[in-house]
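Shown next: start_14.tsv, given as TSV, N, CA and C atoms.
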```tsv
chain	number	residue	atom	x	y	z
U	4	GLN	N	-75.04	-25.97	55.37
U	4	GLN	CA	-74.67	-25.28	54.13
U	4	GLN	C	-74.34	-23.83	54.44
U	5	VAL	N	-73.27	-23.35	53.86
U	5	VAL	CA	-72.84	-21.98	54.07
U	5	VAL	C	-72.76	-21.28	52.73
U	6	GLN	N	-73.32	-20.10	52.67
U	6	GLN	CA	-73.19	-19.27	51.48
U	6	GLN	C	-72.28	-18.09	51.78
U	7	LEU	N	-71.38	-17.82	50.85
U	7	LEU	CA	-70.43	-16.73	51.00
U	7	LEU	C	-70.60	-15.78	49.82
U	8	VAL	N	-70.67	-14.49	50.12
U	8	VAL	CA	-70.86	-13.49	49.07
U	8	VAL	C	-69.80	-12.41	49.23
U	9	GLU	N	-68.92	-12.30	48.23
U	9	GLU	CA	-67.88	-11.28	48.26
U	9	GLU	C	-68.38	-9.99	47.60
U	10	SER	N	-67.80	-8.90	48.02
U	10	SER	CA	-68.07	-7.61	47.40
U	10	SER	C	-66.86	-6.71	47.60
U	11	GLY	N	-66.82	-5.62	46.84
U	11	GLY	CA	-65.77	-4.63	47.04
U	11	GLY	C	-64.69	-4.60	45.99
U	12	GLY	N	-64.74	-5.52	45.04
U	12	GLY	CA	-63.73	-5.51	43.99
U	12	GLY	C	-63.92	-4.34	43.04
U	13	GLY	N	-62.97	-4.18	42.14
U	13	GLY	CA	-63.08	-3.10	41.17
U	13	GLY	C	-61.77	-2.82	40.48
U	14	LEU	N	-61.74	-1.68	39.78
U	14	LEU	CA	-60.56	-1.25	39.06
U	14	LEU	C	-59.90	-0.11	39.84
U	15	VAL	N	-58.62	-0.23	40.06
U	15	VAL	CA	-57.89	0.78	40.82
U	15	VAL	C	-56.50	0.95	40.22
U	16	GLN	N	-55.94	2.13	40.36
U	16	GLN	CA	-54.59	2.37	39.89
U	16	GLN	C	-53.57	1.81	40.88
U	17	ALA	N	-52.39	1.51	40.37
U	17	ALA	CA	-51.32	1.04	41.24
U	17	ALA	C	-51.08	2.04	42.37
U	18	GLY	N	-50.91	1.50	43.58
U	18	GLY	CA	-50.75	2.33	44.75
U	18	GLY	C	-52.04	2.62	45.47
U	19	GLY	N	-53.15	2.28	44.86
U	19	GLY	CA	-54.46	2.53	45.45
U	19	GLY	C	-54.86	1.45	46.44
U	20	SER	N	-56.08	1.58	46.94
U	20	SER	CA	-56.59	0.67	47.97
U	20	SER	C	-58.00	0.18	47.62
U	21	LEU	N	-58.30	-0.99	48.10
U	21	LEU	CA	-59.64	-1.56	48.02
U	21	LEU	C	-59.90	-2.34	49.30
U	22	ARG	N	-61.15	-2.44	49.68
U	22	ARG	CA	-61.54	-3.26	50.82
U	22	ARG	C	-62.57	-4.28	50.36
U	23	LEU	N	-62.21	-5.54	50.43
U	23	LEU	CA	-63.13	-6.61	50.09
U	23	LEU	C	-63.88	-7.06	51.34
U	24	SER	N	-65.13	-7.42	51.14
U	24	SER	CA	-65.95	-7.97	52.22
U	24	SER	C	-66.48	-9.33	51.79
U	25	CYS	N	-66.71	-10.19	52.76
U	25	CYS	CA	-67.30	-11.50	52.49
U	25	CYS	C	-68.33	-11.77	53.58
U	26	ALA	N	-69.59	-11.78	53.18
U	26	ALA	CA	-70.68	-12.03	54.12
U	26	ALA	C	-71.06	-13.50	54.08
U	27	ALA	N	-71.19	-14.10	55.26
U	27	ALA	CA	-71.49	-15.53	55.36
U	27	ALA	C	-72.88	-15.75	55.92
U	28	SER	N	-73.52	-16.80	55.44
U	28	SER	CA	-74.88	-17.12	55.90
U	28	SER	C	-74.86	-18.10	57.06
U	29	ALA	N	-73.71	-18.56	57.49
U	29	ALA	CA	-73.61	-19.60	58.51
U	29	ALA	C	-74.29	-19.18	59.80
U	30	ARG	N	-75.01	-20.15	60.40
U	30	ARG	CA	-75.66	-19.87	61.67
U	30	ARG	C	-74.64	-19.62	62.77
U	31	ILE	N	-73.58	-20.39	62.76
U	31	ILE	CA	-72.53	-20.22	63.77
U	31	ILE	C	-71.24	-19.93	63.02
U	32	PHE	N	-71.10	-18.72	62.60
U	32	PHE	CA	-69.97	-18.31	61.77
U	32	PHE	C	-68.65	-18.53	62.47
U	33	SER	N	-68.64	-18.40	63.78
U	33	SER	CA	-67.38	-18.51	64.52
U	33	SER	C	-66.80	-19.92	64.51
U	34	ARG	N	-67.54	-20.90	63.99
U	34	ARG	CA	-67.00	-22.26	63.89
U	34	ARG	C	-66.05	-22.41	62.70
U	35	TYR	N	-66.06	-21.45	61.82
U	35	TYR	CA	-65.34	-21.59	60.56
U	35	TYR	C	-64.04	-20.80	60.54
U	36	ALA	N	-62.97	-21.48	60.15
U	36	ALA	CA	-61.77	-20.75	59.79
U	36	ALA	C	-61.98	-20.21	58.39
U	37	MET	N	-61.42	-19.04	58.12
U	37	MET	CA	-61.69	-18.36	56.86
U	37	MET	C	-60.40	-18.06	56.11
U	38	GLY	N	-60.54	-17.94	54.81
U	38	GLY	CA	-59.38	-17.61	53.99
U	38	GLY	C	-59.77	-16.74	52.81
U	39	TRP	N	-58.82	-15.96	52.37
U	39	TRP	CA	-58.93	-15.24	51.10
U	39	TRP	C	-57.93	-15.87	50.13
U	40	PHE	N	-58.41	-16.15	48.93
U	40	PHE	CA	-57.60	-16.72	47.88
U	40	PHE	C	-57.77	-15.87	46.63
U	41	ARG	N	-56.88	-16.06	45.67
U	41	ARG	CA	-57.02	-15.33	44.41
U	41	ARG	C	-56.54	-16.22	43.26
U	42	GLN	N	-57.07	-15.91	42.10
U	42	GLN	CA	-56.69	-16.66	40.91
U	42	GLN	C	-56.58	-15.70	39.74
U	43	ALA	N	-55.39	-15.62	39.18
U	43	ALA	CA	-55.15	-14.80	38.00
U	43	ALA	C	-55.30	-15.67	36.76
U	44	PRO	N	-55.56	-15.08	35.61
U	44	PRO	CA	-55.73	-15.87	34.38
U	44	PRO	C	-54.52	-16.74	34.10
U	45	GLY	N	-54.77	-18.01	33.84
U	45	GLY	CA	-53.70	-18.94	33.51
U	45	GLY	C	-52.88	-19.42	34.68
U	46	LYS	N	-53.27	-19.04	35.88
U	46	LYS	CA	-52.53	-19.44	37.08
U	46	LYS	C	-53.42	-20.24	38.02
U	47	GLU	N	-52.77	-20.97	38.92
U	47	GLU	CA	-53.52	-21.71	39.91
U	47	GLU	C	-54.02	-20.78	41.02
U	48	ARG	N	-55.07	-21.24	41.69
U	48	ARG	CA	-55.58	-20.48	42.81
U	48	ARG	C	-54.55	-20.52	43.95
U	49	GLU	N	-54.31	-19.37	44.57
U	49	GLU	CA	-53.33	-19.28	45.63
U	49	GLU	C	-53.92	-18.57	46.84
U	50	PHE	N	-53.37	-18.91	48.00
U	50	PHE	CA	-53.88	-18.26	49.19
U	50	PHE	C	-53.29	-16.86	49.30
U	51	VAL	N	-54.07	-15.99	49.86
U	51	VAL	CA	-53.64	-14.62	50.12
U	51	VAL	C	-53.49	-14.40	51.62
U	52	ALA	N	-54.53	-14.77	52.37
U	52	ALA	CA	-54.51	-14.61	53.82
U	52	ALA	C	-55.50	-15.60	54.42
U	53	VAL	N	-55.15	-16.15	55.55
U	53	VAL	CA	-56.04	-17.09	56.23
U	53	VAL	C	-56.04	-16.78	57.71
U	54	THR	N	-57.16	-17.11	58.35
U	54	THR	CA	-57.27	-16.87	59.78
U	54	THR	C	-58.08	-17.98	60.43
U	55	SER	N	-57.86	-18.18	61.71
U	55	SER	CA	-58.59	-19.22	62.44
U	55	SER	C	-59.98	-18.71	62.81
U	56	TRP	N	-60.75	-19.53	63.51
U	56	TRP	CA	-62.12	-19.16	63.85
U	56	TRP	C	-62.18	-17.91	64.71
U	57	SER	N	-61.16	-17.69	65.55
U	57	SER	CA	-61.19	-16.54	66.44
U	57	SER	C	-60.72	-15.26	65.76
U	58	GLY	N	-59.92	-15.41	64.72
U	58	GLY	CA	-59.36	-14.23	64.07
U	58	GLY	C	-58.21	-13.59	64.82
U	59	ILE	N	-57.76	-14.23	65.89
U	59	ILE	CA	-56.68	-13.64	66.69
U	59	ILE	C	-55.39	-13.60	65.91
U	60	THR	N	-55.14	-14.64	65.14
U	60	THR	CA	-53.92	-14.67	64.34
U	60	THR	C	-54.28	-14.85	62.87
U	61	THR	N	-53.48	-14.27	62.02
U	61	THR	CA	-53.68	-14.35	60.58
U	61	THR	C	-52.35	-14.59	59.91
U	62	TYR	N	-52.38	-15.34	58.85
U	62	TYR	CA	-51.17	-15.69	58.10
U	62	TYR	C	-51.31	-15.17	56.68
U	63	TYR	N	-50.25	-14.51	56.21
U	63	TYR	CA	-50.30	-13.88	54.90
U	63	TYR	C	-49.27	-14.48	53.96
U	64	GLN	N	-49.63	-14.46	52.69
U	64	GLN	CA	-48.64	-14.77	51.66
U	64	GLN	C	-47.57	-13.69	51.70
U	65	ASP	N	-46.33	-14.08	51.46
U	65	ASP	CA	-45.22	-13.14	51.56
U	65	ASP	C	-45.42	-11.89	50.70
U	66	SER	N	-45.97	-12.06	49.51
U	66	SER	CA	-46.06	-10.93	48.58
U	66	SER	C	-47.05	-9.86	49.03
U	67	VAL	N	-47.91	-10.17	49.99
U	67	VAL	CA	-48.91	-9.19	50.44
U	67	VAL	C	-48.67	-8.70	51.86
U	68	LYS	N	-47.69	-9.28	52.53
U	68	LYS	CA	-47.40	-8.86	53.91
U	68	LYS	C	-47.07	-7.38	53.96
U	69	GLY	N	-47.65	-6.70	54.93
U	69	GLY	CA	-47.43	-5.28	55.08
U	69	GLY	C	-48.33	-4.43	54.21
U	70	ARG	N	-49.03	-5.04	53.26
U	70	ARG	CA	-49.95	-4.28	52.38
U	70	ARG	C	-51.40	-4.68	52.60
U	71	PHE	N	-51.64	-5.95	52.88
U	71	PHE	CA	-53.00	-6.46	53.05
U	71	PHE	C	-53.25	-6.78	54.52
U	72	THR	N	-54.49	-6.57	54.96
U	72	THR	CA	-54.88	-6.93	56.31
U	72	THR	C	-56.22	-7.65	56.27
U	73	MET	N	-56.22	-8.86	56.83
U	73	MET	CA	-57.46	-9.63	56.92
U	73	MET	C	-58.02	-9.50	58.33
U	74	SER	N	-59.33	-9.34	58.41
U	74	SER	CA	-59.97	-9.28	59.72
U	74	SER	C	-61.33	-9.95	59.62
U	75	ARG	N	-61.90	-10.26	60.77
U	75	ARG	CA	-63.22	-10.86	60.77
U	75	ARG	C	-64.04	-10.27	61.91
U	76	ASP	N	-65.33	-10.16	61.69
U	76	ASP	CA	-66.27	-9.69	62.69
U	76	ASP	C	-67.30	-10.79	62.85
U	77	ASN	N	-67.13	-11.62	63.88
U	77	ASN	CA	-68.03	-12.76	64.05
U	77	ASN	C	-69.45	-12.32	64.39
U	78	ALA	N	-69.60	-11.15	64.95
U	78	ALA	CA	-70.95	-10.66	65.26
U	78	ALA	C	-71.71	-10.30	64.00
U	79	LYS	N	-70.97	-9.96	62.94
U	79	LYS	CA	-71.61	-9.58	61.67
U	79	LYS	C	-71.48	-10.67	60.61
U	80	ASN	N	-70.88	-11.82	60.98
U	80	ASN	CA	-70.69	-12.91	60.01
U	80	ASN	C	-69.95	-12.44	58.76
U	81	THR	N	-68.91	-11.65	58.96
U	81	THR	CA	-68.23	-11.04	57.83
U	81	THR	C	-66.72	-11.08	58.03
U	82	VAL	N	-66.01	-11.32	56.95
U	82	VAL	CA	-64.55	-11.17	56.93
U	82	VAL	C	-64.21	-10.09	55.92
U	83	TYR	N	-63.07	-9.47	56.15
U	83	TYR	CA	-62.64	-8.36	55.30
U	83	TYR	C	-61.21	-8.60	54.83
U	84	LEU	N	-60.89	-7.95	53.73
U	84	LEU	CA	-59.51	-7.91	53.26
U	84	LEU	C	-59.23	-6.48	52.83
U	85	GLN	N	-58.49	-5.77	53.66
U	85	GLN	CA	-58.07	-4.42	53.32
U	85	GLN	C	-56.80	-4.52	52.51
U	86	MET	N	-56.82	-3.97	51.31
U	86	MET	CA	-55.68	-4.06	50.40
U	86	MET	C	-55.16	-2.67	50.11
U	87	ASN	N	-53.95	-2.40	50.53
U	87	ASN	CA	-53.31	-1.10	50.31
U	87	ASN	C	-52.11	-1.26	49.40
U	88	ASN	N	-51.69	-0.14	48.82
U	88	ASN	CA	-50.53	-0.13	47.94
U	88	ASN	C	-50.62	-1.26	46.91
U	89	LEU	N	-51.74	-1.31	46.24
U	89	LEU	CA	-51.96	-2.39	45.27
U	89	LEU	C	-51.00	-2.29	44.09
U	90	LYS	N	-50.66	-3.47	43.58
U	90	LYS	CA	-49.74	-3.57	42.46
U	90	LYS	C	-50.43	-4.30	41.30
U	91	PRO	N	-49.97	-4.08	40.07
U	91	PRO	CA	-50.60	-4.77	38.93
U	91	PRO	C	-50.61	-6.29	39.10
U	92	GLU	N	-49.61	-6.84	39.76
U	92	GLU	CA	-49.56	-8.29	39.96
U	92	GLU	C	-50.59	-8.79	40.96
U	93	ASP	N	-51.30	-7.88	41.62
U	93	ASP	CA	-52.40	-8.28	42.50
U	93	ASP	C	-53.69	-8.52	41.72
U	94	THR	N	-53.68	-8.21	40.44
U	94	THR	CA	-54.87	-8.40	39.61
U	94	THR	C	-55.27	-9.87	39.57
U	95	ALA	N	-56.52	-10.14	39.93
U	95	ALA	CA	-57.01	-11.52	40.00
U	95	ALA	C	-58.48	-11.49	40.41
U	96	VAL	N	-59.09	-12.65	40.35
U	96	VAL	CA	-60.39	-12.84	40.99
U	96	VAL	C	-60.11	-13.29	42.43
U	97	TYR	N	-60.72	-12.60	43.37
U	97	TYR	CA	-60.51	-12.89	44.78
U	97	TYR	C	-61.70	-13.64	45.34
U	98	TYR	N	-61.40	-14.71	46.07
U	98	TYR	CA	-62.43	-15.56	46.65
U	98	TYR	C	-62.27	-15.63	48.16
U	99	CYS	N	-63.38	-15.66	48.87
U	99	CYS	CA	-63.29	-16.03	50.27
U	99	CYS	C	-63.77	-17.47	50.40
U	100	ALA	N	-63.28	-18.13	51.44
U	100	ALA	CA	-63.59	-19.54	51.64
U	100	ALA	C	-63.67	-19.84	53.13
U	101	ALA	N	-64.43	-20.90	53.45
U	101	ALA	CA	-64.62	-21.29	54.85
U	101	ALA	C	-64.34	-22.79	55.01
U	102	GLN	N	-63.76	-23.13	56.16
U	102	GLN	CA	-63.51	-24.55	56.43
U	102	GLN	C	-63.68	-24.84	57.92
U	103	THR	N	-64.15	-26.07	58.19
U	103	THR	CA	-64.34	-26.54	59.56
U	103	THR	C	-63.42	-27.71	59.90
U	104	VAL	N	-62.62	-28.14	58.92
U	104	VAL	CA	-61.75	-29.30	59.16
U	104	VAL	C	-60.76	-28.99	60.27
U	105	LYS	N	-60.16	-27.80	60.18
U	105	LYS	CA	-59.18	-27.38	61.19
U	105	LYS	C	-59.46	-25.94	61.58
U	106	PRO	N	-60.53	-25.71	62.34
U	106	PRO	CA	-60.94	-24.33	62.64
U	106	PRO	C	-59.94	-23.54	63.47
U	107	ASP	N	-59.07	-24.26	64.20
U	107	ASP	CA	-58.06	-23.58	65.02
U	107	ASP	C	-56.79	-23.28	64.25
U	108	SER	N	-56.71	-23.76	63.03
U	108	SER	CA	-55.49	-23.65	62.25
U	108	SER	C	-55.65	-22.67	61.09
U	109	MET	N	-54.54	-22.21	60.61
U	109	MET	CA	-54.52	-21.35	59.43
U	109	MET	C	-54.06	-22.20	58.25
U	110	VAL	N	-55.02	-22.65	57.49
U	110	VAL	CA	-54.77	-23.59	56.42
U	110	VAL	C	-54.67	-22.85	55.09
U	111	VAL	N	-53.60	-23.12	54.35
U	111	VAL	CA	-53.38	-22.40	53.09
U	111	VAL	C	-53.73	-23.22	51.87
U	112	VAL	N	-54.09	-24.48	52.04
U	112	VAL	CA	-54.40	-25.36	50.92
U	112	VAL	C	-55.85	-25.20	50.52
U	113	PRO	N	-56.12	-24.78	49.30
U	113	PRO	CA	-57.52	-24.54	48.88
U	113	PRO	C	-58.42	-25.76	49.03
U	114	SER	N	-57.91	-26.96	48.79
U	114	SER	CA	-58.75	-28.15	48.79
U	114	SER	C	-59.34	-28.47	50.16
U	115	VAL	N	-58.80	-27.90	51.21
U	115	VAL	CA	-59.33	-28.15	52.56
U	115	VAL	C	-60.62	-27.36	52.80
U	116	TYR	N	-60.81	-26.32	52.07
U	116	TYR	CA	-61.95	-25.43	52.29
U	116	TYR	C	-63.23	-26.01	51.71
U	117	ASP	N	-64.28	-25.99	52.54
U	117	ASP	CA	-65.56	-26.60	52.17
U	117	ASP	C	-66.45	-25.69	51.34
U	118	TYR	N	-66.36	-24.41	51.60
U	118	TYR	CA	-67.30	-23.46	50.99
U	118	TYR	C	-66.55	-22.30	50.36
U	119	TRP	N	-67.07	-21.86	49.22
U	119	TRP	CA	-66.44	-20.79	48.46
U	119	TRP	C	-67.48	-19.78	48.00
U	120	GLY	N	-67.04	-18.53	47.94
U	120	GLY	CA	-67.87	-17.51	47.34
U	120	GLY	C	-67.72	-17.53	45.83
U	121	GLN	N	-68.44	-16.63	45.17
U	121	GLN	CA	-68.44	-16.60	43.70
U	121	GLN	C	-67.25	-15.83	43.14
U	122	GLY	N	-66.58	-15.08	43.99
U	122	GLY	CA	-65.41	-14.32	43.57
U	122	GLY	C	-65.74	-12.89	43.20
U	123	THR	N	-64.75	-12.02	43.37
U	123	THR	CA	-64.89	-10.63	42.97
U	123	THR	C	-63.61	-10.21	42.25
U	124	GLN	N	-63.76	-9.52	41.14
U	124	GLN	CA	-62.61	-9.16	40.30
U	124	GLN	C	-61.91	-7.93	40.88
U	125	VAL	N	-60.59	-8.03	40.99
U	125	VAL	CA	-59.75	-6.90	41.35
U	125	VAL	C	-58.77	-6.68	40.20
U	126	THR	N	-58.79	-5.48	39.66
U	126	THR	CA	-57.91	-5.14	38.56
U	126	THR	C	-57.10	-3.90	38.94
U	127	VAL	N	-55.78	-4.03	38.87
U	127	VAL	CA	-54.89	-2.93	39.23
U	127	VAL	C	-54.14	-2.50	37.97
U	128	SER	N	-54.35	-1.26	37.60
U	128	SER	CA	-53.70	-0.74	36.40
U	128	SER	C	-52.38	-0.06	36.75
U	129	SER	N	-51.45	-0.14	35.83
U	129	SER	CA	-50.12	0.46	36.09
U	129	SER	C	-50.06	1.91	35.65
```
Could I get this structure in the form of structure tokens?
Amino acid sequence: QVQLVESGGGLVQAGGSLRLSCAASARIFSRYAMGWFRQAPGKEREFVAVTSWSGITTYYQDSVKGRFTMSRDNAKNTVYLQMNNLKPEDTAVYYCAAQTVKPDSMVVVPSVYDYWGQGTQVTVSS
């Protein structure tokens, strides 16, 4: 069983920055590929950024490329999402998720992920 706890959300003006963190309780965190997803009101959950167990490569949704950076620190059992130049359309609840089905792959489909955090609200005002 893995528990994921996100933090770092909040209210920010357009153009501002936030850094989300996701702390995992997994004994062997490096076995898990990780992802950040978001869900806006009335919309389906979508991937934002995903990375494999090593964190060497990361895949981003087109709309966040060049603005968001996902990283992981396996020694601290934590993944991060640095969000710069935020836009109102980035407003959503952000979730981190973990999966072991394909730990070497960057999977963008939410249903593949076994474990989810409770989410953290990000609101970007115009």
Checklist line | Between atom C of Gly12 of chain U and atom N of Val104 of chain U, distance in Å (one decimal) | finding: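 Atom N of Val104 of chain U lies 28.6 Å from atom C of Gly12 of chain U.
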- Query: How far is it from atom N of Thr126 of chain U to atom N of Lys90 of chain U, in Å with one decimal?
  - Reply: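 Atom N of Lys90 of chain U lies 9.2 Å from atom N of Thr126 of chain U.
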### Message
From (-59.9, -10.2, 42.3), in the file's coordinates, out to 9 Å: which residues are reached, counting only C-alpha atoms? Answer as a list of chain:residue names.
### Response
U:Gly12, U:Gly13, U:Phe40, U:Arg41, U:Gln42, U:Ala43, U:Asp93, U:Thr94, U:Ala95, U:Val96, U:Tyr97, U:Tyr98, U:Gly122, U:Thr123, U:Gln124, U:Val125, U:Thr126
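Using only N, CA and C atoms, the nearest neighbour of Ser24 of chain U within the list U:Met109, U:Ala101, U:Thr81, U:Trp39 is U:Thr81.
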- Query: Nearest to Leu23 of chain U: which of U:Val115, U:Val53, U:Leu89, U:Leu84 is it, counting only C-alpha atoms?
  - Reply: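 Ranked by minimum distance to Leu23 of chain U, first place goes to U:Leu84.
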- Query: Hey, which of U:Cys99, U:Ile59, U:Val110, U:Met73 ends up closest to Leu7 of chain U? Count all atoms listed in the file.
  - Reply: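 That would be U:Cys99, the residue with the smallest distance to Leu7 of chain U.
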ask   = What separation in Å, quoted to one decimal, exists between atom CA of Ser20 of chain U and atom N of Arg34 of chain U?
value =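 Calculated distance between atom CA of Ser20 of chain U and atom N of Arg34 of chain U is 29.0 Å.
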When distances are computed from only C-alpha atoms, which of U:Trp119, U:Tyr62, U:Trp56, U:Phe50 shows the smallest separation from Asp76 of chain U?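 Using only C-alpha atoms, the shortest distance to Asp76 of chain U belongs to U:Trp56.
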Which of these, U:Asn80, U:Ser74, U:Gln6, U:Ser33, has the shortest distance to Gly120 of chain U once you count only N, CA and C atoms?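 Nearest to Gly120 of chain U: U:Gln6.
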task = Find the residues near Thr103 of chain U: any atom within 6.5 Å, counting only N, CA and C atoms, skip ones fewer than 5 places away on the same chain, and give them as a list in words.
result = Arg34, Tyr35, Ala36, Tyr116 and Asp117 of chain U
field: Which of chain U fall in strand (DSSP E), as an NGL selection string
entry: :U and (7-10 or 13-16 or 21-27 or 36-42 or 49-54 or 61-63 or 71-76 or 81-86 or 95-102 or 118-119 or 123-128)
With distances taken over only C-alpha atoms, which residue among U:Thr54, U:Ser128, U:Asn77, U:Gln4 lies nearest Pro91 of chain U?
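For Pro91 of chain U, the nearest of the candidates is U:Ser128.
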Residues of segment 9-113 of chain U in helix (DSSP H, G or I) according to DSSP, as a list in words?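 Answer for segment 9-113 of chain U restricted to helix (DSSP H, G or I) is Phe32, Ser33, Arg34, Asp65, Ser66, Val67, Pro91, Glu92, Asp93 and Pro113 of chain U.
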